[in-house]
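Heads up: the structure comes next, in structure tokens.
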Amino acid sequence: MTDRIADIWGERTPHAKGTVWPARVDLHLDEGVREEDVEAWVPSACVLCSNGCGCDIAVKDGRMVGVRGRATDVVNHGRLGPKGLYGSTPWASSPDRLRRPMVREGGRLVETDWETAMGRVVQESRRLLEENGPLTHGFYTSGQLFLEEYYTLAVIGKAGLGTPHMDGNTRLCTATSAAAFKESFGADGQPGSYTDIEHCDAIFLYGHNMAETQTVLWARILDRTRAEDPPVVVCVDPRRTPVAEEAERTGGVHLAPRVGTNLALMNGLTRELFERGWIDEAWVAAHTIGVDDLRAVVEPYTPEEVAATCGVDAGDLRRAAEIFGTSDNVLSTVLQGFYQSHQATASAVAVHNLHLLRGLIGRPGSGILQMNGQPTAQNNRECGADGDLPGFRNWNNPRHVQELADLWNVDPLTIPHWAPPTNAMQIFGYAEQGSIELLWISATNPAVSMPESARIRRILGSDRCFVVVQDLFLTETAQLADVVLPAAGWGEKTGTFTNVNRTVHLSEKAVEPPGEARSDLDIFLMYARAMGFVDRAGDPLPSWNSPEEAFDAWRAASAGRPVDYTGLSYDKLRGPTGIPWPVDEEAPEGTDRLYTDPVFPTDTDRCETYGHDLVTGAAVTEQEHRAMAPNGRAFLKGAAYTPPHEEPSDDFPLLFTTGRTVYQFHTRTKTGRARSLHEAAPDAWVELSTTDADALGISEGDVVRVESPRGTIEVQARIGQVMPGAVFAPFHYGSWDLDGLAPDQQHRQANELTMTVWDPVSKQPYFKTAACRVTRVRAGDGPAPAPTTAASAPPPARRRAVPPTAGGGPTTSEVLPETPTYPNDPAAGTSHPAPTRTIAGRS
Ligand SMILES: Nc1nc2c(c(=O)[nH]1)N[C@H]1C(S)=C(S)[C@@H](COP(=O)(O)OP(=O)(O)OC[C@H]3O[C@@H](n4cnc5c(=O)[nH]c(N)nc54)[C@H](O)[C@@H]3O)O[C@H]1N2
Ligand SMILES: Nc1nc2c(c(=O)[nH]1)N[C@H]1C(S)=C(S)[C@@H](COP(=O)(O)OP(=O)(O)OC[C@H]3O[C@@H](n4cnc5c(=O)[nH]c(N)nc54)[C@H](O)[C@@H]3O)O[C@H]1N2
Ligand code: SF4
Ligand SMILES: [Mo]
């Protein structure tokens, strides 16, 4: 029995380079439930982050009572992390689940039946369509629905209504990942694979606290860094995260750039590669385009210049460049420290540039993981409920639009493609200005998760916009809605989803949803039928009624595109493991990594975008793109660094940045209802450096006021491991569990302080750059409620003063004596009956 709150990553299974990651099966059951009591194990995958760990759901008496990692799954080889173990099922039987639809009556939300609730939505929708047309309709969806649901929503929006105003919270999450792929490689699609971990010599993590946010993937890395012949880790993060500690431990580098200066740092690394001749000239000449321009753009970024801009040591920068420049195989991962920061797309693209300059792509150990965050964000991008066209099609290419029109049997003019799709930030802007009058929000909680909370509350609460919210709970957002629709969640419905490295899982329905809650697929279809959407033949649109039919329709839509699902089926996905796309005739068992040829989907007729200027976001035209004749070569694109929008001032002298803790997921609608997870991080805090805390007279646990030009929070201070000059706040804490406190009385929501400003290319908002000031309010009643187990820990010298975080319910963990065979694993055939030697002092 282990406590996986105290022991986040579980037991090490170190193994030699180039061998298969051993299997370890992690299991957690509700208190009082024994393994032999479980009536059914229902196959699924975890939906508490993008890692997509294969698991089976334990069912007893019609309830979900636990989870077990699946040993045969390529993603996790049996493991689960703290969120997956403790947070997957308790929310489902929470007494405050939404069980019936609600409508606003006399200012209050009251329960009603489906006919009344959907009747109101349809009535409002029809009226607006008649009066002002489809541009009155906006849809803001998620990274947490299933593929079938996104595709259905996309068809309803694009072919049924014809509105371009559709996006997901993926805009806040992985828009930059998709945008960066499109700019460099022509289309979305994760080049790398988790199996790169077994083969690489160095791992670079850019703005990615993987140790807390994809704990199982981090365990996979630890099983290499703690074994013989370990890879060297380089961490780029202003906080001393567990990733940063591992960088130090492996003889790598922790670069802590000043918040908002990522691009200057990347330009410095790129310049060093040129300067030191760490370039594969022949590869670059054969497979890329743009090297001379890139060289010119990065020329001014000498190590000394970069050191001055970023506050890093010039020697550390050189050392990091040397590790990149001289390692045989490098794996890079990128996440929110880059995506939600200033000049996001340019910084993410700069990571591609480094790989392309050395030809480090498309072979085991040389991968790029532009990470996703949410479990199904990938599917939203694929299916086009984020505004893009389904199948990574180019809205600006009439042939791509025609393909969809043929598929759906509608007039191509119905499908919005006269301008770029409207991004989420703009959708809220239109709702604010009054041109979007019906806003349908599914599986996301913008009242807590969007920047500048006071503004979002104002928009959602205004009478000018009719707001529909579809959720599991009466969230802070749902409380502001005109109609609330109760949804079935994970385990209560069937569907597929795809993780960061393209691996598709089928998640089967395990139990009935509570009360009258319905699957999101059924809800969307109910609306489509009530609206009477039909195709040119007069047949119902969408043409399907079940998840499997929706999946088959999607397979047809994906045919021939980079994201080819044609070789998949529900039956095939009922096997021992998830399967990575593309899956087609050429690759019937799926594809571990892309661009092994290396031919990139940059051809003008095939690509998903003609590209943009990375500084301004200005679009490249079709003619310009064609003139460059990329023909399968990747783009090297550079951009000069510019300072962030809000720099520290006399009034607001510190930099404010936000992010996550290992035990909570987003706005905590699931993890906040799981006892072990809730208690491990029960309330909000901010992290200050020792230097800043001392200067401000602040001690551990003091209540402090943090103010930005947009708002104020009052929370306890953790004297932590953030770099001097920066303040870090977790964004998880809204007001739903504060017993009736209105949002404007609660003072702990990080997004009260963030600002409405976004990257010009990906349109992803900047949650990680703003200015703030901090003042001490009073002494607290003990240490801050921040965990001590990871990045939020006090610095080592002060750690003893704070009790260690623990208290996970019992879990079991069994290392299998024999490792199963994993299809597509380049290390297949290697065996390691006994784990290899653990490096002394490193376990
Ligand atoms: N436990 C947990 N896991 C999760 C989630 C969760 O809510 N909880 N959410 C999932 C989702 S949707 C996502 S998107 C991912 C996010 O996963 P991550 O991106 O790993 O998480 P964050 O904490 O948002 O940000 C990562 C790091 O960025 C650093 N950072 C802040 N400002 C800067 C900067 O200017 N430059 C650089 N280089 N770094 C900076 C922060 O110090 C932080 O450690 O996690 C996924 N996994
Ligand atoms: N300051 C700051 N803000 C941030 C971030 C940050 O780092 N800093 N990160 C951003 C990122 S990366 C993300 S991904 C967002 C996340 O922000 P949100 O999307 O708002 O976060 P969640 O709490 O996961 O909201 C998902 C909602 O969907 C509901 N739900 C779950 N499953 C289902 C389902 O099957 N059907 C339906 N209908 N509902 C369901 C849940 O109850 C929950 O209310 O936050 C963003 N906001
Ligand atoms: S790493 Fe992510 S997908 Fe895997 S168990 Fe943890 S939360 Fe779930
Ligand atoms: Mo995210």
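Here, A, B, ... name the chains of the structure tokens in the order displayed, residue numbers run from 1 inside each chain, and ligands are numbered from 1 in the same displayed order.
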How close does each residue of chain A get to ligand 1, giving the shortest atom pair and distance in Å to one decimal for every residue with an atom at most 6 Å away, counting only C-alpha atoms and all ligand atoms, sorted by chain and residue number, as CSV?
residue,atom,partner,partner_atom_place_in_ligand_line,distance
A:Cys49,CA,ligand 1,47 (N),4.6
A:Cys173,CA,ligand 1,14 (S),4.7
A:Tyr206,CA,ligand 1,38 (N),5.6
A:Gly207,CA,ligand 1,39 (N),3.7
A:His208,CA,ligand 1,20 (O),3.8
A:Asn209,CA,ligand 1,20 (O),3.7
A:Met210,CA,ligand 1,20 (O),5.0
A:Glu212,CA,ligand 1,1 (N),5.3
A:Thr213,CA,ligand 1,3 (N),3.4
A:Gln214,CA,ligand 1,47 (N),5.5
A:Val236,CA,ligand 1,38 (N),4.9
A:Asp237,CA,ligand 1,39 (N),4.1
A:Pro238,CA,ligand 1,42 (O),5.3
A:Arg239,CA,ligand 1,42 (O),4.8
A:Val259,CA,ligand 1,35 (O),3.4
A:Gly260,CA,ligand 1,35 (O),4.2
A:Asn262,CA,ligand 1,36 (N),5.6
A:Leu335,CA,ligand 1,19 (O),4.2
A:Gln336,CA,ligand 1,19 (O),3.5
A:Gly337,CA,ligand 1,28 (O),3.3
A:Phe338,CA,ligand 1,38 (N),5.6
A:Ser341,CA,ligand 1,35 (O),5.6
A:Gly373,CA,ligand 1,13 (C),3.1
A:Gln374,CA,ligand 1,12 (S),3.9
A:Thr657,CA,ligand 1,32 (N),5.3
A:Gly659,CA,ligand 1,23 (O),3.4
A:Arg660,CA,ligand 1,23 (O),3.8
A:Thr661,CA,ligand 1,1 (N),5.1
A:Val662,CA,ligand 1,1 (N),3.4
A:Tyr663,CA,ligand 1,1 (N),5.1
A:Gln664,CA,ligand 1,8 (N),4.9
A:Phe665,CA,ligand 1,7 (O),3.4
A:His666,CA,ligand 1,7 (O),4.0
A:Lys768,CA,ligand 1,32 (N),4.8
Write out the residues from the selection above, keeping N, CA and C atoms, as a short mmCIF file (atom, residue, chain, number, x, y, z; two decimals), in the first residue's frame.
data_model
loop_
_atom_site.label_atom_id
_atom_site.label_comp_id
_atom_site.auth_asym_id
_atom_site.auth_seq_id
_atom_site.Cartn_x
_atom_site.Cartn_y
_atom_site.Cartn_z
N CYS A 49 -5.72 14.67 -17.55
CA CYS A 49 -4.73 15.49 -18.26
C CYS A 49 -4.49 14.88 -19.63
N CYS A 173 -5.36 26.92 -23.94
CA CYS A 173 -4.62 25.72 -23.53
C CYS A 173 -3.57 25.33 -24.57
N TYR A 206 10.54 23.16 -21.78
CA TYR A 206 10.38 24.61 -21.89
C TYR A 206 9.07 25.05 -21.25
N GLY A 207 9.13 25.76 -20.14
CA GLY A 207 7.90 26.25 -19.51
C GLY A 207 6.94 25.12 -19.20
N HIS A 208 7.48 24.00 -18.80
CA HIS A 208 6.66 22.81 -18.62
C HIS A 208 7.04 22.13 -17.30
N ASN A 209 6.12 22.17 -16.36
CA ASN A 209 6.34 21.53 -15.07
C ASN A 209 5.76 20.12 -15.11
N MET A 210 6.31 19.31 -15.98
CA MET A 210 5.77 17.98 -16.24
C MET A 210 5.64 17.14 -14.96
N GLU A 212 4.49 17.83 -12.26
CA GLU A 212 3.19 18.02 -11.61
C GLU A 212 2.03 17.89 -12.58
N THR A 213 2.28 18.12 -13.85
CA THR A 213 1.14 18.22 -14.76
C THR A 213 0.96 17.02 -15.68
N GLN A 214 1.98 16.20 -15.85
CA GLN A 214 1.80 14.88 -16.51
C GLN A 214 2.66 13.92 -15.69
N VAL A 236 13.58 25.14 -18.48
CA VAL A 236 13.42 26.59 -18.66
C VAL A 236 12.17 27.01 -17.91
N ASP A 237 12.33 27.54 -16.72
CA ASP A 237 11.19 27.87 -15.86
C ASP A 237 11.64 28.84 -14.78
N PRO A 238 10.87 29.91 -14.54
CA PRO A 238 11.28 30.86 -13.49
C PRO A 238 11.14 30.30 -12.07
N ARG A 239 10.55 29.13 -11.93
CA ARG A 239 10.47 28.52 -10.60
C ARG A 239 11.40 27.32 -10.52
N VAL A 259 10.15 36.37 -16.28
CA VAL A 259 8.84 36.10 -16.87
C VAL A 259 8.64 37.00 -18.09
N GLY A 260 8.20 36.38 -19.20
CA GLY A 260 7.92 37.18 -20.41
C GLY A 260 9.09 37.36 -21.35
N ASN A 262 10.88 34.64 -22.85
CA ASN A 262 11.24 33.35 -23.47
C ASN A 262 11.89 33.50 -24.85
N LEU A 335 5.30 23.68 -22.86
CA LEU A 335 3.91 23.88 -22.42
C LEU A 335 3.68 25.30 -21.92
N GLN A 336 2.81 25.47 -20.94
CA GLN A 336 2.20 26.79 -20.71
C GLN A 336 3.17 27.92 -20.37
N GLY A 337 4.32 27.61 -19.81
CA GLY A 337 5.28 28.70 -19.57
C GLY A 337 5.65 29.39 -20.87
N PHE A 338 5.48 28.67 -22.00
CA PHE A 338 5.70 29.25 -23.32
C PHE A 338 4.38 29.68 -23.97
N SER A 341 2.53 32.69 -22.55
CA SER A 341 3.44 33.79 -22.30
C SER A 341 3.50 34.67 -23.51
N GLY A 373 -2.66 19.99 -22.86
CA GLY A 373 -2.93 19.99 -21.43
C GLY A 373 -4.13 19.14 -21.13
N GLN A 374 -5.24 19.47 -21.79
CA GLN A 374 -6.48 18.76 -21.51
C GLN A 374 -6.50 17.42 -22.23
N THR A 657 2.66 35.71 -12.33
CA THR A 657 2.46 34.56 -13.22
C THR A 657 1.63 33.51 -12.50
N GLY A 659 -0.34 29.31 -12.64
CA GLY A 659 -0.20 27.95 -13.15
C GLY A 659 -0.89 26.96 -12.23
N ARG A 660 -0.26 25.78 -12.10
CA ARG A 660 -0.96 24.64 -11.51
C ARG A 660 -0.24 24.03 -10.32
N THR A 661 -0.99 23.24 -9.58
CA THR A 661 -0.39 22.36 -8.59
C THR A 661 -0.78 20.93 -8.93
N VAL A 662 0.04 20.00 -8.47
CA VAL A 662 -0.13 18.60 -8.87
C VAL A 662 -1.49 18.02 -8.45
N TYR A 663 -2.05 18.50 -7.33
CA TYR A 663 -3.24 17.82 -6.79
C TYR A 663 -4.57 18.35 -7.31
N GLN A 664 -4.56 19.52 -7.96
CA GLN A 664 -5.85 20.05 -8.42
C GLN A 664 -5.87 20.11 -9.94
N PHE A 665 -7.07 19.93 -10.48
CA PHE A 665 -7.26 20.06 -11.93
C PHE A 665 -8.16 21.26 -12.15
N HIS A 666 -7.58 22.27 -12.78
CA HIS A 666 -8.35 23.45 -13.21
C HIS A 666 -9.22 24.03 -12.11
N LYS A 768 0.49 34.32 -18.18
CA LYS A 768 1.74 34.24 -17.45
C LYS A 768 2.56 35.51 -17.51
#
Neighbourhood of ligand 3 at 9 Å, counting only C-alpha atoms and all ligand atoms, reported as a ChimeraX atom specification: /A:45-55,69,75-76,79-85,87-88,212-218,373-375,499,665
Between A:Val704, A:Ala454, A:Ile523, A:Ala385, which has the minimum distance to ligand 2 (counting only C-alpha atoms and all ligand atoms)?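 Using only C-alpha atoms and all ligand atoms, the shortest distance to ligand 2 belongs to A:Ile523.
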Alpha helix (DSSP H) positions in segment 360-506 of chain A, given as a PyMOL selection string: chain A and resi 377-383+398-408+424-433+446-449+453-461
Restricting the calculation to only C-alpha atoms and all ligand atoms, which member of A:Arg458, A:His342, A:Arg171, A:Arg226 is positioned closest to ligand 2?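 For ligand 2, the nearest of the given residues is A:Arg171.
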Non-local contacts of Tyr595 of chain A (7 Å; only C-alpha atoms; under 4 positions in same chain excluded) as a list in words: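 Near Tyr595 of chain A, the qualifying residues are Pro191, Gly362, Val599 and Phe600 of chain A.
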Residues from the last selection, C-alpha atoms, saved as a PDB file, in the first residue's frame:
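Result written to out_32.pdb:
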ATOM      1  CA  PRO A 191       5.828  14.741 -34.440  1.00  0.00           C
ATOM      2  CA  GLY A 362      11.566  11.752 -37.021  1.00  0.00           C
ATOM      3  CA  VAL A 599       8.323  14.978 -45.684  1.00  0.00           C
ATOM      4  CA  PHE A 600       6.227  17.685 -44.045  1.00  0.00           C
TER       5      PHE A 600
END
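Nearest residue to Glu679 of chain A among A:Ser507, A:Thr769, A:Ile5, A:Thr414 is A:Ile5, counting only C-alpha atoms.
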With a distance cut-off of 7 Å and only C-alpha atoms, select the neighbouring residues of segment 146-163 of chain A, excluding the residue or stretch itself and same-chain residues fewer than 6 positions from it, and output the selection as a ChimeraX atom specification. /A:134-135,137,376,379-380,383-385,410,414-416,495-497,520-521,524,528,533,541-542,547,550-551,554
Give me every strand (DSSP E) residue in segment 721-772 of chain A, going by DSSP on the backbone, as number ranges by chain. A: 726-730, 770-772
Next, write the just-selected residues to a file, as an mmCIF file, in the first residue's frame, keeping N, CA, C and O atoms as the atom set.
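Result file is out.cif:
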data_model
loop_
_atom_site.group_PDB
_atom_site.id
_atom_site.type_symbol
_atom_site.label_atom_id
_atom_site.label_comp_id
_atom_site.auth_asym_id
_atom_site.auth_seq_id
_atom_site.Cartn_x
_atom_site.Cartn_y
_atom_site.Cartn_z
ATOM 1 N N ALA A 726 9.338 37.708 -9.269
ATOM 2 C CA ALA A 726 8.124 37.067 -9.791
ATOM 3 C C ALA A 726 7.248 36.554 -8.645
ATOM 4 O O ALA A 726 7.741 36.193 -7.579
ATOM 5 N N VAL A 727 5.950 36.545 -8.897
ATOM 6 C CA VAL A 727 4.967 36.046 -7.936
ATOM 7 C C VAL A 727 4.136 35.001 -8.672
ATOM 8 O O VAL A 727 3.650 35.275 -9.768
ATOM 9 N N PHE A 728 3.986 33.815 -8.083
ATOM 10 C CA PHE A 728 3.248 32.735 -8.752
ATOM 11 C C PHE A 728 1.974 32.429 -7.983
ATOM 12 O O PHE A 728 1.999 32.264 -6.764
ATOM 13 N N ALA A 729 0.855 32.328 -8.693
ATOM 14 C CA ALA A 729 -0.415 31.957 -8.058
ATOM 15 C C ALA A 729 -1.046 30.783 -8.805
ATOM 16 O O ALA A 729 -1.094 30.787 -10.035
ATOM 17 N N PRO A 730 -1.573 29.778 -8.072
ATOM 18 C CA PRO A 730 -2.346 28.719 -8.736
ATOM 19 C C PRO A 730 -3.687 29.306 -9.163
ATOM 20 O O PRO A 730 -4.232 30.170 -8.466
ATOM 21 N N ALA A 770 1.991 39.550 -16.352
ATOM 22 C CA ALA A 770 1.285 40.752 -15.892
ATOM 23 C C ALA A 770 2.134 41.346 -14.772
ATOM 24 O O ALA A 770 3.054 40.701 -14.279
ATOM 25 N N ALA A 771 1.822 42.589 -14.392
ATOM 26 C CA ALA A 771 2.549 43.213 -13.281
ATOM 27 C C ALA A 771 1.653 43.249 -12.051
ATOM 28 O O ALA A 771 0.427 43.284 -12.159
ATOM 29 N N CYS A 772 2.255 43.213 -10.873
ATOM 30 C CA CYS A 772 1.461 43.242 -9.642
ATOM 31 C C CYS A 772 2.241 43.891 -8.503
ATOM 32 O O CYS A 772 3.443 44.127 -8.608
#
